[in-house]
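Peer 1: Just so it is clear, I am handing over final-v7.cif, which has mmCIF, C-alpha atoms.
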```
data_protein
loop_
_atom_site.label_atom_id
_atom_site.label_comp_id
_atom_site.auth_asym_id
_atom_site.auth_seq_id
_atom_site.Cartn_x
_atom_site.Cartn_y
_atom_site.Cartn_z
CA MET A 1 0.00 0.00 0.00
CA PHE A 2 2.78 2.44 0.99
CA VAL A 3 4.84 1.69 -2.12
CA ARG A 4 1.79 2.20 -4.34
CA LEU A 5 1.01 5.56 -2.74
CA LEU A 6 4.59 6.75 -3.19
CA PHE A 7 4.46 5.59 -6.79
CA LEU A 8 1.34 7.73 -7.29
CA VAL A 9 3.16 10.67 -5.69
CA LEU A 10 5.91 10.41 -8.27
CA LEU A 11 3.40 10.03 -11.11
CA ALA A 12 1.83 13.27 -9.93
CA LEU A 13 5.22 14.93 -9.93
CA ILE A 14 6.08 13.87 -13.49
CA ASN A 15 2.62 14.26 -15.02
CA VAL A 16 3.02 16.69 -17.87
CA HIS A 17 -0.43 18.19 -17.51
CA GLY A 18 -0.61 18.05 -13.73
CA ASN A 19 -3.53 19.32 -11.67
CA ALA A 20 -4.18 21.70 -8.85
CA ASN A 21 -4.01 18.97 -6.22
CA ALA A 22 -0.83 17.26 -7.46
CA THR A 23 1.89 16.88 -4.90
CA ALA A 24 4.60 19.50 -5.50
CA ILE A 25 8.28 19.85 -4.78
CA GLU A 26 8.68 22.58 -2.18
CA GLU A 27 11.91 24.45 -1.59
CA VAL A 28 12.40 25.02 2.13
CA THR A 29 15.01 27.14 3.93
CA SER A 30 15.68 26.76 7.65
CA PRO A 31 16.24 29.73 10.00
CA SER A 32 20.00 29.16 9.78
CA GLY A 33 19.91 29.15 5.97
CA ILE A 34 20.05 25.40 5.21
CA LYS A 35 18.01 24.54 2.12
CA ALA A 36 16.14 21.38 1.16
CA TRP A 37 13.69 20.07 -1.41
CA LEU A 38 10.56 18.59 0.13
CA VAL A 39 7.83 16.26 -1.11
CA ARG A 40 5.09 15.77 1.45
CA ASP A 41 3.35 12.40 1.60
CA HIS A 42 1.00 11.83 4.54
CA SER A 43 0.12 8.21 3.73
CA ILE A 44 2.37 6.81 6.46
CA PRO A 45 4.11 8.45 9.47
CA LEU A 46 7.63 8.14 8.08
CA THR A 47 10.33 10.59 7.00
CA ALA A 48 13.19 9.95 4.58
CA VAL A 49 16.13 12.34 4.37
CA ARG A 50 18.74 12.08 1.62
CA PHE A 51 21.82 14.31 1.74
CA ILE A 52 25.09 14.57 -0.15
CA PHE A 53 28.22 16.67 0.07
CA ARG A 54 29.50 17.65 -3.37
CA GLY A 55 33.18 17.24 -4.16
CA SER A 56 33.66 15.14 -1.05
CA GLY A 57 34.00 11.63 -2.38
CA ALA A 58 36.97 9.59 -3.50
CA ILE A 59 38.42 12.55 -5.43
CA SER A 60 39.30 14.06 -2.04
CA ASP A 61 41.36 11.02 -1.00
CA PRO A 62 45.04 11.95 -0.48
CA LYS A 63 47.63 10.29 -2.67
CA GLY A 64 48.53 6.88 -1.27
CA LYS A 65 45.33 6.73 0.79
CA ALA A 66 42.70 5.83 -1.77
CA GLY A 67 39.59 4.53 -0.02
CA ARG A 68 39.60 7.12 2.77
CA ALA A 69 36.12 8.48 1.95
CA SER A 70 34.75 4.96 1.51
CA MET A 71 36.26 3.82 4.79
CA ALA A 72 34.77 6.86 6.52
CA SER A 73 31.33 5.92 5.13
CA ALA A 74 31.62 2.52 6.79
CA LEU A 75 32.81 3.96 10.12
CA ILE A 76 30.93 7.21 10.59
CA ASP A 77 28.04 5.49 12.37
CA GLU A 78 30.30 3.22 14.42
CA GLY A 79 29.93 5.42 17.46
CA ALA A 80 29.67 9.20 17.76
CA GLY A 81 29.86 11.77 20.52
CA ALA A 82 29.73 10.00 23.89
CA LEU A 83 28.14 6.89 22.36
CA GLN A 84 30.43 3.98 21.61
CA SER A 85 29.74 1.78 18.61
CA GLN A 86 27.52 -0.85 20.25
CA ILE A 87 25.43 1.73 22.10
CA PHE A 88 25.04 3.89 18.99
CA GLN A 89 23.98 0.93 16.86
CA LYS A 90 21.57 -0.34 19.54
CA GLN A 91 19.83 3.02 19.68
CA LEU A 92 19.30 2.79 15.91
CA GLN A 93 18.14 -0.82 15.98
CA ASP A 94 15.77 -0.42 18.93
CA ARG A 95 13.85 2.20 16.95
CA SER A 96 14.23 0.64 13.48
CA ILE A 97 16.08 3.75 12.33
CA VAL A 98 17.89 3.35 9.00
CA LEU A 99 21.04 5.48 8.88
CA SER A 100 23.48 4.71 6.11
CA PHE A 101 26.36 6.41 4.31
CA ILE A 102 28.06 5.97 0.95
CA ALA A 103 31.09 7.38 -0.85
CA ASP A 104 31.03 7.98 -4.60
CA LYS A 105 33.91 9.29 -6.71
CA ASP A 106 32.43 12.80 -6.65
CA PHE A 107 30.42 13.02 -3.44
CA PHE A 108 29.80 11.62 0.03
CA GLY A 109 26.20 10.98 0.98
CA GLY A 110 23.82 9.50 3.48
CA THR A 111 20.22 8.49 4.11
CA LEU A 112 18.09 8.71 7.23
CA LYS A 113 14.78 6.82 7.17
CA VAL A 114 12.77 6.93 10.36
CA LEU A 115 9.23 6.61 11.73
CA ASN A 116 7.98 10.00 12.86
CA LYS A 117 7.68 9.00 16.49
CA TYR A 118 11.45 8.41 16.50
CA ARG A 119 12.31 11.27 14.17
CA ALA A 120 13.92 13.45 16.83
CA LYS A 121 16.19 10.60 17.96
CA GLY A 122 17.08 9.74 14.36
CA VAL A 123 18.02 13.34 13.62
CA GLU A 124 20.07 13.51 16.82
CA LEU A 125 22.03 10.36 15.96
CA ALA A 126 22.57 11.47 12.36
CA SER A 127 23.87 14.83 13.54
CA LEU A 128 26.28 13.15 15.97
CA ALA A 129 27.57 10.87 13.23
CA LEU A 130 28.18 13.79 10.86
CA THR A 131 29.78 16.16 13.36
CA THR A 132 31.47 14.05 16.06
CA PRO A 133 32.21 10.53 14.78
CA ARG A 134 34.49 8.65 17.16
CA PHE A 135 36.57 6.50 14.78
CA ASP A 136 37.64 4.39 17.75
CA LEU A 137 40.71 2.25 17.08
CA THR A 138 38.82 -1.02 17.63
CA ALA A 139 36.17 -0.10 15.08
CA VAL A 140 38.73 1.24 12.60
CA ASN A 141 40.78 -1.95 12.75
CA ARG A 142 37.68 -4.12 12.39
CA ILE A 143 36.33 -2.25 9.36
CA ARG A 144 39.80 -2.07 7.80
CA ALA A 145 40.16 -5.84 8.10
CA GLN A 146 36.74 -6.33 6.49
CA ILE A 147 37.68 -4.06 3.58
CA VAL A 148 41.03 -5.78 3.01
CA THR A 149 39.37 -9.21 3.11
CA SER A 150 36.79 -8.04 0.58
CA LEU A 151 39.49 -6.61 -1.70
CA LYS A 152 41.42 -9.87 -1.59
CA ALA A 153 38.29 -11.76 -2.62
CA GLN A 154 37.50 -9.31 -5.42
CA ALA A 155 41.05 -9.48 -6.79
CA ALA A 156 40.33 -12.95 -8.16
CA ARG A 157 37.26 -11.80 -10.12
CA PRO A 158 37.75 -10.86 -13.78
CA GLY A 159 35.05 -8.19 -13.60
CA TYR A 160 36.86 -6.37 -10.79
CA LYS A 161 40.15 -6.59 -12.68
CA ALA A 162 38.53 -5.27 -15.83
CA ARG A 163 37.16 -2.25 -13.96
CA ARG A 164 40.54 -1.55 -12.39
CA GLU A 165 42.30 -1.65 -15.74
CA TRP A 166 39.55 0.41 -17.37
CA SER A 167 40.10 3.16 -14.79
CA ARG A 168 43.87 3.10 -15.29
CA VAL A 169 43.62 3.31 -19.07
CA ILE A 170 40.75 5.80 -19.36
CA TYR A 171 41.60 8.14 -16.49
CA ASN A 172 45.38 7.71 -16.46
CA LYS A 173 46.76 9.91 -13.63
CA HIS A 174 43.46 11.62 -12.86
CA PRO A 175 42.03 11.01 -9.34
CA TYR A 176 39.18 9.07 -10.95
CA ALA A 177 41.70 6.31 -11.65
CA ARG A 178 41.83 5.48 -7.95
CA PRO A 179 39.33 2.83 -6.84
CA VAL A 180 36.68 4.28 -4.54
CA VAL A 181 37.22 1.51 -1.97
CA GLY A 182 40.99 1.78 -2.28
CA THR A 183 43.55 -0.98 -2.56
CA GLN A 184 44.86 -3.36 0.06
CA LYS A 185 47.96 -1.18 0.43
CA SER A 186 46.20 2.20 0.51
CA VAL A 187 43.55 1.07 3.01
CA THR A 188 46.31 -0.18 5.31
CA ASN A 189 47.84 3.33 5.20
CA ILE A 190 44.68 5.09 6.43
CA ARG A 191 44.82 6.20 10.05
CA ASN A 192 42.33 7.58 12.56
CA ARG A 193 43.56 11.14 11.96
CA ASP A 194 42.96 10.74 8.20
CA LEU A 195 39.32 9.90 8.84
CA HIS A 196 38.84 12.88 11.13
CA SER A 197 40.47 15.12 8.52
CA PHE A 198 38.06 13.83 5.92
CA VAL A 199 35.04 14.74 8.05
CA ASN A 200 36.35 18.17 9.06
CA ASP A 201 37.41 19.15 5.54
CA ASN A 202 34.52 17.74 3.52
CA LEU A 203 31.27 17.44 5.48
CA THR A 204 30.48 21.13 5.38
CA LYS A 205 27.45 23.33 4.74
CA ASP A 206 28.78 24.86 1.53
CA ARG A 207 28.73 21.41 -0.10
CA LEU A 208 25.45 20.17 1.34
CA LEU A 209 22.37 19.19 -0.68
CA VAL A 210 19.28 17.84 1.10
CA SER A 211 15.99 16.27 0.01
CA ILE A 212 13.16 15.10 2.27
CA VAL A 213 10.13 12.94 1.51
CA GLY A 214 7.44 11.95 3.99
CA ASP A 215 4.78 12.87 6.49
CA ILE A 216 6.26 16.15 7.67
CA SER A 217 5.28 19.81 7.65
CA VAL A 218 7.34 22.72 6.36
CA GLU A 219 7.96 23.98 9.90
CA GLU A 220 9.08 20.52 10.99
CA VAL A 221 11.45 20.40 8.02
CA LYS A 222 13.01 23.70 9.06
CA SER A 223 13.58 22.35 12.57
CA LEU A 224 14.97 19.07 11.23
CA LEU A 225 17.45 20.86 8.97
CA ASP A 226 18.87 23.00 11.76
CA ASN A 227 18.98 20.16 14.29
CA MET A 228 20.70 17.79 11.84
CA PHE A 229 23.07 20.06 9.93
CA GLU A 230 23.47 23.42 11.68
CA SER A 231 26.54 22.27 13.64
CA LEU A 232 28.49 21.40 10.49
CA PRO A 233 31.45 23.63 9.54
CA LYS A 234 30.48 26.40 7.13
CA VAL A 235 33.20 25.93 4.53
CA GLY A 236 35.29 22.93 3.54
CA LYS A 237 38.78 22.45 2.18
CA GLN A 238 38.76 22.97 -1.57
CA THR A 239 39.92 20.10 -3.77
CA LYS A 240 40.74 21.24 -7.29
CA VAL A 241 40.19 18.54 -9.86
CA GLY A 242 40.54 19.19 -13.58
CA ALA A 243 39.04 17.28 -16.49
CA ALA A 244 40.33 13.80 -17.17
CA GLN A 245 42.26 13.39 -20.42
CA ILE A 246 40.18 10.59 -21.93
CA PRO A 247 41.98 8.84 -24.83
CA ALA A 248 40.83 10.16 -28.20
CA LYS A 249 42.19 7.18 -30.12
CA GLY A 250 40.78 3.71 -29.66
CA ALA A 251 42.85 0.77 -28.44
CA LEU A 252 42.52 -2.82 -27.34
CA HIS A 253 44.13 -3.93 -24.06
CA VAL A 254 44.18 -7.62 -23.18
CA PHE A 255 45.02 -8.83 -19.68
CA SER A 256 45.50 -12.56 -19.38
CA LYS A 257 43.58 -14.46 -16.71
CA ALA A 258 42.75 -18.16 -16.69
CA VAL A 259 38.95 -18.02 -16.79
CA PRO A 260 36.50 -19.70 -19.21
CA GLN A 261 34.79 -16.39 -20.02
CA SER A 262 36.40 -13.06 -20.82
CA VAL A 263 35.01 -9.81 -19.43
CA VAL A 264 35.01 -6.94 -21.90
CA LEU A 265 34.57 -3.24 -21.08
CA PHE A 266 34.42 -0.69 -23.89
CA GLY A 267 33.62 2.94 -24.50
CA HIS A 268 34.82 6.43 -25.33
CA ARG A 269 34.12 10.07 -24.45
CA GLY A 270 30.48 10.91 -23.79
CA VAL A 271 28.52 14.07 -22.98
CA THR A 272 28.07 16.05 -19.80
CA ARG A 273 24.69 16.52 -18.16
CA LYS A 274 24.75 20.18 -19.21
CA ASP A 275 25.42 19.42 -22.88
CA PRO A 276 22.51 20.67 -25.04
CA ASN A 277 22.61 17.31 -26.83
CA PHE A 278 22.28 15.29 -23.63
CA TYR A 279 18.75 14.05 -24.31
CA THR A 280 19.67 13.11 -27.88
CA ALA A 281 22.64 11.15 -26.50
CA TYR A 282 20.33 9.55 -23.92
CA VAL A 283 17.96 8.27 -26.59
CA ILE A 284 20.87 7.13 -28.79
CA ASN A 285 22.32 5.16 -25.89
CA HIS A 286 18.95 3.54 -25.15
CA ILE A 287 18.57 2.34 -28.72
CA LEU A 288 22.20 1.26 -29.08
CA GLY A 289 22.78 -0.59 -25.82
CA GLY A 290 20.88 0.87 -22.89
CA GLY A 291 17.46 -0.51 -23.73
CA SER A 292 17.99 -3.96 -22.25
CA PHE A 293 16.25 -6.60 -24.40
CA THR A 294 15.34 -4.12 -27.15
CA SER A 295 18.76 -2.61 -27.85
CA ARG A 296 20.65 -3.13 -31.10
CA LEU A 297 23.71 -4.55 -29.37
CA TYR A 298 21.57 -7.02 -27.43
CA ASN A 299 19.80 -8.18 -30.58
CA SER A 300 23.00 -8.45 -32.60
CA VAL A 301 25.29 -10.03 -30.00
CA ARG A 302 22.82 -12.08 -27.94
CA GLU A 303 19.61 -12.73 -29.82
CA GLU A 304 20.89 -13.27 -33.36
CA ARG A 305 24.20 -15.00 -32.59
CA GLY A 306 24.10 -16.10 -28.95
CA LEU A 307 27.61 -14.80 -28.30
CA ALA A 308 26.97 -13.34 -24.85
CA TYR A 309 24.35 -13.65 -22.14
CA SER A 310 24.05 -9.87 -21.96
CA VAL A 311 25.55 -6.73 -23.45
CA SER A 312 24.72 -3.19 -22.45
CA THR A 313 25.82 0.44 -22.49
CA HIS A 314 25.15 3.46 -20.30
CA LEU A 315 26.03 7.14 -20.09
CA SER A 316 28.38 8.16 -17.30
CA VAL A 317 27.90 11.89 -16.85
CA ARG A 318 30.63 12.71 -14.36
CA ARG A 319 31.49 16.37 -14.81
CA ASN A 320 35.20 15.75 -15.19
CA ALA A 321 35.00 12.64 -17.37
CA PRO A 322 31.78 12.08 -19.37
CA LEU A 323 31.74 8.65 -21.01
CA ILE A 324 29.59 6.17 -22.84
CA ILE A 325 30.53 2.77 -21.40
CA GLY A 326 29.57 -0.77 -22.36
CA GLN A 327 30.13 -4.25 -20.98
CA LEU A 328 29.77 -7.85 -22.08
CA SER A 329 31.00 -11.27 -21.02
CA THR A 330 31.54 -14.12 -23.44
CA SER A 331 33.50 -17.34 -23.90
CA ASN A 332 37.15 -16.84 -24.82
CA GLU A 333 36.68 -18.10 -28.38
CA LYS A 334 33.88 -15.60 -29.08
CA VAL A 335 35.54 -12.39 -27.87
CA ALA A 336 36.80 -11.17 -31.26
CA GLU A 337 33.45 -11.71 -32.95
CA SER A 338 31.66 -9.88 -30.14
CA ILE A 339 34.03 -6.92 -30.39
CA ARG A 340 33.60 -6.83 -34.17
CA LEU A 341 29.82 -6.63 -33.74
CA VAL A 342 30.09 -3.85 -31.16
CA ARG A 343 32.16 -1.78 -33.58
CA SER A 344 29.78 -2.62 -36.43
CA GLU A 345 26.66 -1.50 -34.51
CA TRP A 346 28.49 1.64 -33.39
CA ARG A 347 29.21 2.54 -37.02
CA LYS A 348 25.70 1.68 -38.24
CA MET A 349 24.11 3.99 -35.70
CA ALA A 350 26.57 6.79 -36.52
CA ILE A 351 25.98 6.48 -40.27
CA ASN A 352 22.33 5.49 -40.58
CA GLY A 353 20.69 6.90 -37.46
CA VAL A 354 17.36 5.31 -36.51
CA GLY A 355 13.95 4.64 -38.03
CA GLU A 356 10.73 6.38 -37.01
CA GLU A 357 9.22 3.29 -35.37
CA THR A 358 12.41 2.56 -33.44
CA LEU A 359 12.53 6.12 -32.13
CA LYS A 360 8.84 6.05 -31.19
CA ASN A 361 9.27 2.81 -29.23
CA ALA A 362 12.39 4.11 -27.48
CA LYS A 363 10.63 7.27 -26.33
CA SER A 364 7.64 5.28 -25.11
CA PHE A 365 9.85 2.95 -23.08
CA ILE A 366 12.02 5.73 -21.62
CA ASN A 367 9.03 7.79 -20.52
CA GLY A 368 6.96 4.85 -19.33
CA SER A 369 9.66 3.21 -17.24
CA PHE A 370 10.95 6.31 -15.47
CA ALA A 371 8.50 6.28 -12.57
CA LEU A 372 9.05 2.57 -11.94
CA GLN A 373 12.57 3.31 -10.68
CA PHE A 374 11.30 5.19 -7.63
CA SER A 375 9.01 3.05 -5.54
CA SER A 376 9.95 4.17 -2.01
CA SER A 377 10.35 7.40 -0.08
CA ASP A 378 14.13 7.17 0.12
CA ARG A 379 14.41 6.51 -3.63
CA ILE A 380 12.33 9.58 -4.39
CA ALA A 381 14.46 11.61 -1.98
CA ASN A 382 17.54 10.32 -3.76
CA LEU A 383 16.10 11.41 -7.12
CA LEU A 384 15.42 14.90 -5.80
CA THR A 385 18.99 15.16 -4.54
CA ILE A 386 20.37 14.07 -7.92
CA LEU A 387 18.33 16.82 -9.57
CA GLN A 388 19.87 19.35 -7.21
CA TYR A 389 23.35 17.94 -7.83
CA TYR A 390 23.01 18.57 -11.56
CA ASN A 391 21.46 22.01 -11.00
CA LEU A 392 18.12 20.98 -12.48
CA SER A 393 14.99 22.82 -11.43
CA PRO A 394 12.02 21.23 -9.61
CA SER A 395 10.10 21.51 -12.88
CA TYR A 396 12.42 18.89 -14.45
CA LEU A 397 10.18 16.01 -13.41
CA ARG A 398 7.24 17.64 -15.14
CA LYS A 399 9.22 18.55 -18.26
CA ARG A 400 11.35 15.43 -18.69
CA ARG A 401 8.82 13.71 -20.95
CA GLU A 402 8.80 16.76 -23.21
CA TYR A 403 12.62 16.80 -23.39
CA ILE A 404 12.63 13.17 -24.52
CA ASN A 405 9.78 13.63 -26.98
CA LEU A 406 11.51 16.59 -28.64
CA VAL A 407 14.40 14.40 -29.80
CA SER A 408 13.94 13.87 -33.52
CA ARG A 409 15.36 11.47 -36.10
CA ASN A 410 17.22 14.43 -37.58
CA ASP A 411 18.74 15.26 -34.16
CA ILE A 412 19.97 11.69 -33.85
CA GLN A 413 21.25 11.58 -37.44
CA LYS A 414 23.30 14.75 -36.96
CA PHE A 415 24.58 14.13 -33.45
CA ALA A 416 25.31 10.40 -33.75
CA ARG A 417 27.96 11.14 -36.38
CA LYS A 418 29.82 13.31 -33.87
CA PHE A 419 29.04 11.31 -30.75
CA LEU A 420 29.58 7.70 -31.83
CA ASN A 421 33.11 6.97 -33.05
CA ALA A 422 33.95 3.28 -33.45
CA ASP A 423 37.61 4.17 -34.06
CA ALA A 424 37.75 5.88 -30.65
CA LEU A 425 36.48 2.84 -28.72
CA THR A 426 38.80 1.57 -26.02
CA PHE A 427 38.38 -2.12 -25.17
CA ILE A 428 39.60 -3.76 -21.97
CA VAL A 429 39.56 -7.57 -22.07
CA VAL A 430 40.32 -9.74 -19.04
CA GLY A 431 40.51 -13.45 -19.82
CA GLN A 432 42.26 -15.68 -22.33
CA PRO A 433 40.64 -14.82 -25.67
CA THR A 434 41.77 -17.15 -28.43
CA ASP A 435 40.62 -15.29 -31.51
CA LEU A 436 41.87 -11.75 -31.41
CA LYS A 437 44.37 -11.98 -34.24
CA ASP A 438 42.28 -9.74 -36.52
CA THR A 439 41.60 -7.01 -33.98
CA ASN A 440 45.06 -5.37 -33.99
CA ALA A 441 45.63 -5.94 -30.27
CA PRO A 442 48.96 -4.26 -29.42
CA SER A 443 49.96 -6.80 -26.79
CA ARG A 444 48.86 -9.32 -24.20
CA ARG A 445 49.76 -8.62 -20.61
CA GLU A 446 49.41 -10.50 -17.40
CA PHE A 447 47.20 -8.67 -14.95
CA GLN A 448 49.09 -7.73 -11.81
CA THR A 449 47.11 -7.11 -8.60
CA LYS A 450 48.39 -4.11 -6.71
#
```
Just give me the structure of the file as structure tokens.

Peer 2:
Amino acid sequence: MFVRLLFLVLLALINVHGNANATAIEEVTSPSGIKAWLVRDHSIPLTAVRFIFRGSGAISDPKGKAGRASMASALIDEGAGALQSQIFQKQLQDRSIVLSFIADKDFFGGTLKVLNKYRAKGVELASLALTTPRFDLTAVNRIRAQIVTSLKAQAARPGYKARREWSRVIYNKHPYARPVVGTQKSVTNIRNRDLHSFVNDNLTKDRLLVSIVGDISVEEVKSLLDNMFESLPKVGKQTKVGAAQIPAKGALHVFSKAVPQSVVLFGHRGVTRKDPNFYTAYVINHILGGGSFTSRLYNSVREERGLAYSVSTHLSVRRNAPLIIGQLSTSNEKVAESIRLVRSEWRKMAINGVGEETLKNAKSFINGSFALQFSSSDRIANLLTILQYYNLSPSYLRKRREYINLVSRNDIQKFARKFLNADALTFIVVGQPTDLKDTNAPSRREFQTK
């Protein structure tokens, strides 16, 4: 019942025509000046708060200490203020309060989801975690050991190795090349003082974005914002990060690993979220590889030839490194044929564009499936925060359908020639492919775990 009501809330938000009673996004400012986007839903006495700090993710990790932000996300609720880890966690559990944190490459974020009768306690605990985390040695050592164990396990997986090599090749010396969770060596180098420095330098008001969804009034939101975030430092330490120098020329990199199936990552430069051609690129990606069972790559590689179980692409719109990225897994003897088909479909789309029926179906799917992604209060709050992150207005949800529908065949024909460049595709292959002799691979290298 609750999920259905929230789904209807979102449908009201994105309805192009709308109505006078449709739930609206409200912009609220607290007495101390903290801002938030609010969607009120009185169907159940619950409040979800989603918040992020821009520029405070893995890109802020010092050299040699990759994984600091990620490690902080795992430790920040392991005790805060006068409350040691077990006491802090028990206070959350006894009230079914969900408080979680996550580190991305570009930002650090968190979610608070709490029944209204425990809202004050949830806000209090969240504020303590953000402003006075303990980072006790026992907790730090325990979490560090868990991370190192996880990294050791991942090191044996071809998918993990492919992602590591992709980052090294695509981002080169840019901070994006560092894995968000760090490496075994870098995580071992992180100390208690590094974690405190991360919090003091990055979890600050000037970087804060907040969204709230639930059974809560505007006045209660104002109080929540000040109680939860007012004690944060005003300004953080600035981390200057330039654009990544993404390779303009395509290449094929093969890293040998004894597995029956090779993992293949591929892609080239994409478009930023602010690019005027973003929606055209979005539709192109859907038709090419983002549309699951209906995409051209899926039909060509999977349906027609059975070369791979799945193949897909997506747009990565990081401000400093926009990309279009794809992935497939296939048996070693079918790698070269799969890569040939990827390049072929890339060229076909660039040269021929798309048909009217294909475009119509793509638009229908994109618009129809959007609301299905957000079936809970915290997911809707997360969506609102993403809109703020990309400087989109509250009207975006109402106008998104129009943006998609305005993309024409002519737009795709013109932009695809510039956007899709098969000769610029970089391929990372981890496995033991046996049939790459016609793909001009420069060399085969053994993958070394670092």

Peer 1: By how many Å are CA of Lys363 in chain A and CA of Ala281 in chain A apart?

Peer 2: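 About the pair CA of Lys363 in chain A and CA of Ala281 in chain A: they are 12.6 Å apart.
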
Peer 1: Determine, counting all atoms listed in the file, which protein, DNA and RNA residues have an atom within 12 Å of an atom of Thr29 in chain A; residues of the same chain fewer than 3 positions away are not included. Present the result as a ChimeraX atom specification.

Peer 2: /A:26,32-38,209-211,218-226

Peer 1: Determine the residue set returned by the PyMOL selection byres ((chain A and resi 46) around 8) for the present structure, and present it as a list in words.

Peer 2: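 What the PyMOL selection byres ((chain A and resi 46) around 8) grabs from the file is Ile44, Pro45, Thr47, Ala48, Lys113, Val114, Leu115, Asn116, Gly214 and Asp215 of chain A.
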
Peer 1: Provide the CA of Gly267 in chain A to CA of Ile325 in chain A distance in Å, to one decimal place.

Peer 2: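 Going from CA of Gly267 in chain A over to CA of Ile325 in chain A covers 4.4 Å.
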
Peer 1: Take the point (8.7, 6.4, -26.4) in the file's coordinates, draw a sphere of radius 12 Å around it, and report as a list in words every protein, DNA or RNA residue with an atom inside or on it, counting only C-alpha atoms.

Peer 2: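 It turns out the residues near that spot are Val283, His286, Ile287, Gly291, Glu356, Glu357, Thr358, Leu359, Lys360, Asn361, Ala362, Lys363, Ser364, Phe365, Ile366, Asn367, Gly368, Ser369, Phe370, Arg401, Glu402, Tyr403, Ile404, Asn405, Leu406, Val407 and Ser408 of chain A.
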
Peer 1: For Asp106 in chain A, which residue among A:Ala416, A:Ala321, A:Leu288, A:Ile216 is the nearest when counting all atoms listed in the file?

Peer 2: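 Comparing A:Ala416, A:Ala321, A:Leu288, A:Ile216 against Asp106 in chain A, the winner is A:Ala321.
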
Peer 1: Take CA of Ala308 in chain A and CA of Ser344 in chain A and report the distance between them in Å, one decimal.

Peer 2: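 Going from CA of Ala308 in chain A over to CA of Ser344 in chain A, I get 16.0 Å.
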
Peer 1: Taking the file as I've supplied it (selection: the PyMOL selection byres ((chain A and resi 195) around 12)), which residues are included? Please answer as a PyMOL selection string.

Peer 2: chain A and resi 60-62+65-76+130+132-137+140+187+189-194+196-203

Peer 1: Can you work out which one of A:Phe107, A:Tyr118, A:Tyr298, A:Tyr279 has the shortest atom-to-atom distance to Asp94 in chain A, counting all atoms listed in the file?

Peer 2: A:Tyr118
